[in-house]
Amino acid sequence: MEAILIIAGMAAVTFFTRFAMIALLGGSVASWVANWLKYVPVAIFAALVVPGLLPPGKTAQAGPEALAGLAGLLVARRAGKVLPTIVAGLAAYWLIRLAVG
């Protein structure tokens, strides 16, 4: 029961903060804010992906994660879409892991 109340509380806070901004701004924002917001998904994706590609030590290594990230980067530059990038990175990672053992 406690978990349900916590989830409901988080949902309410999320809803009301978003609703308040929409109501306050009337659904429109300045053009510079709209331009800035276009970069938020890319920044979030990078923040989620990059730590998994780098080793925990201080020196960079060309392990399966880094090579799969490189494959994903090449597909991202070519396709320009997130889903093919993720699929290519995962496929490269598993193929490298199967090849290396």
# chains A, B, ... in the order shown; residues from 1 in each chain; ligands from 1
>>> select_by_dssp(residues="region 40-101 of chain A", states="helix (DSSP H, G or I)", output="PyMOL selection string")
chain A and resi 40-53+64-79+82-100
>>> write_last_selection(atoms="N, CA and C atoms", output="compact mmCIF listing (two decimals), in the first residue's frame")
# COMPACT_ATOMS: atom_id res chain seq x y z
N VAL A 40 17.49 18.92 -25.44
CA VAL A 40 17.31 18.16 -24.20
C VAL A 40 17.32 16.65 -24.44
N PRO A 41 16.56 16.11 -25.42
CA PRO A 41 16.61 14.65 -25.62
C PRO A 41 18.00 14.13 -25.96
N VAL A 42 18.75 14.87 -26.75
CA VAL A 42 20.10 14.45 -27.11
C VAL A 42 21.00 14.43 -25.88
N ALA A 43 20.87 15.45 -25.04
CA ALA A 43 21.69 15.52 -23.83
C ALA A 43 21.35 14.40 -22.87
N ILE A 44 20.07 14.09 -22.73
CA ILE A 44 19.66 13.01 -21.85
C ILE A 44 20.16 11.67 -22.37
N PHE A 45 20.02 11.45 -23.67
CA PHE A 45 20.49 10.20 -24.27
C PHE A 45 22.00 10.04 -24.07
N ALA A 46 22.74 11.12 -24.29
CA ALA A 46 24.19 11.06 -24.09
C ALA A 46 24.54 10.79 -22.63
N ALA A 47 23.81 11.42 -21.72
CA ALA A 47 24.08 11.20 -20.29
C ALA A 47 23.79 9.77 -19.88
N LEU A 48 22.87 9.11 -20.54
CA LEU A 48 22.57 7.71 -20.23
C LEU A 48 23.56 6.75 -20.87
N VAL A 49 24.03 7.07 -22.06
CA VAL A 49 24.84 6.12 -22.84
C VAL A 49 26.33 6.23 -22.54
N VAL A 50 26.87 7.42 -22.48
CA VAL A 50 28.32 7.60 -22.40
C VAL A 50 28.96 6.93 -21.18
N PRO A 51 28.37 7.00 -19.98
CA PRO A 51 29.02 6.31 -18.85
C PRO A 51 29.16 4.80 -19.06
N GLY A 52 28.25 4.19 -19.79
CA GLY A 52 28.37 2.77 -20.07
C GLY A 52 29.44 2.44 -21.09
N LEU A 53 29.85 3.41 -21.87
CA LEU A 53 30.89 3.18 -22.88
C LEU A 53 32.29 3.36 -22.34
N PRO A 64 34.47 -4.12 -25.75
CA PRO A 64 33.24 -4.33 -26.53
C PRO A 64 32.27 -3.16 -26.43
N GLU A 65 32.21 -2.53 -25.27
CA GLU A 65 31.30 -1.41 -25.10
C GLU A 65 31.69 -0.23 -26.00
N ALA A 66 32.97 0.10 -26.02
CA ALA A 66 33.44 1.22 -26.83
C ALA A 66 33.29 0.93 -28.31
N LEU A 67 33.58 -0.29 -28.72
CA LEU A 67 33.43 -0.65 -30.14
C LEU A 67 31.96 -0.63 -30.55
N ALA A 68 31.08 -1.11 -29.67
CA ALA A 68 29.65 -1.06 -29.97
C ALA A 68 29.17 0.38 -30.03
N GLY A 69 29.71 1.22 -29.15
CA GLY A 69 29.37 2.64 -29.20
C GLY A 69 29.81 3.29 -30.49
N LEU A 70 30.97 2.90 -30.99
CA LEU A 70 31.45 3.41 -32.26
C LEU A 70 30.53 2.97 -33.41
N ALA A 71 30.10 1.71 -33.37
CA ALA A 71 29.16 1.22 -34.39
C ALA A 71 27.85 2.00 -34.32
N GLY A 72 27.37 2.24 -33.10
CA GLY A 72 26.15 3.04 -32.94
C GLY A 72 26.33 4.46 -33.43
N LEU A 73 27.49 5.03 -33.18
CA LEU A 73 27.77 6.39 -33.65
C LEU A 73 27.76 6.46 -35.17
N LEU A 74 28.36 5.48 -35.82
CA LEU A 74 28.37 5.47 -37.29
C LEU A 74 26.96 5.35 -37.85
N VAL A 75 26.15 4.50 -37.24
CA VAL A 75 24.76 4.36 -37.71
C VAL A 75 23.97 5.63 -37.42
N ALA A 76 24.22 6.25 -36.28
CA ALA A 76 23.52 7.50 -35.94
C ALA A 76 23.85 8.60 -36.94
N ARG A 77 25.12 8.68 -37.34
CA ARG A 77 25.50 9.70 -38.32
C ARG A 77 24.86 9.43 -39.68
N ARG A 78 24.72 8.15 -40.01
CA ARG A 78 24.16 7.78 -41.31
C ARG A 78 22.63 7.87 -41.32
N ALA A 79 21.98 7.26 -40.32
CA ALA A 79 20.52 7.18 -40.31
C ALA A 79 19.88 8.40 -39.67
N VAL A 82 17.12 7.32 -33.65
CA VAL A 82 17.55 6.68 -32.41
C VAL A 82 17.40 5.17 -32.48
N LEU A 83 16.29 4.67 -32.97
CA LEU A 83 16.05 3.22 -32.95
C LEU A 83 17.09 2.43 -33.73
N PRO A 84 17.42 2.81 -34.98
CA PRO A 84 18.49 2.07 -35.67
C PRO A 84 19.84 2.17 -34.95
N THR A 85 20.09 3.30 -34.29
CA THR A 85 21.33 3.47 -33.54
C THR A 85 21.41 2.47 -32.39
N ILE A 86 20.32 2.34 -31.65
CA ILE A 86 20.29 1.42 -30.52
C ILE A 86 20.42 -0.02 -31.00
N VAL A 87 19.69 -0.36 -32.05
CA VAL A 87 19.74 -1.73 -32.58
C VAL A 87 21.14 -2.05 -33.08
N ALA A 88 21.77 -1.13 -33.79
CA ALA A 88 23.12 -1.38 -34.29
C ALA A 88 24.12 -1.51 -33.15
N GLY A 89 24.01 -0.67 -32.15
CA GLY A 89 24.92 -0.75 -31.02
C GLY A 89 24.77 -2.06 -30.25
N LEU A 90 23.53 -2.46 -30.01
CA LEU A 90 23.30 -3.73 -29.32
C LEU A 90 23.77 -4.92 -30.13
N ALA A 91 23.48 -4.89 -31.44
CA ALA A 91 23.91 -6.00 -32.30
C ALA A 91 25.43 -6.08 -32.33
N ALA A 92 26.09 -4.94 -32.47
CA ALA A 92 27.56 -4.94 -32.48
C ALA A 92 28.11 -5.44 -31.16
N TYR A 93 27.51 -5.02 -30.06
CA TYR A 93 27.99 -5.46 -28.75
C TYR A 93 27.89 -6.97 -28.61
N TRP A 94 26.75 -7.54 -28.96
CA TRP A 94 26.58 -8.99 -28.79
C TRP A 94 27.43 -9.77 -29.77
N LEU A 95 27.61 -9.27 -30.99
CA LEU A 95 28.49 -9.96 -31.93
C LEU A 95 29.94 -9.93 -31.46
N ILE A 96 30.37 -8.82 -30.91
CA ILE A 96 31.74 -8.72 -30.37
C ILE A 96 31.89 -9.66 -29.19
N ARG A 97 30.90 -9.69 -28.31
CA ARG A 97 30.96 -10.58 -27.13
C ARG A 97 30.99 -12.05 -27.55
N LEU A 98 30.22 -12.41 -28.58
CA LEU A 98 30.23 -13.78 -29.07
C LEU A 98 31.58 -14.12 -29.70
N ALA A 99 32.16 -13.17 -30.43
CA ALA A 99 33.44 -13.41 -31.09
C ALA A 99 34.58 -13.53 -30.08
N VAL A 100 34.56 -12.69 -29.06
CA VAL A 100 35.63 -12.69 -28.08
C VAL A 100 35.47 -13.83 -27.09
>>> atom_distance(atom1="CA of Ala11 (chain A)", atom2="CA of Leu37 (chain A)")
22.4 Å
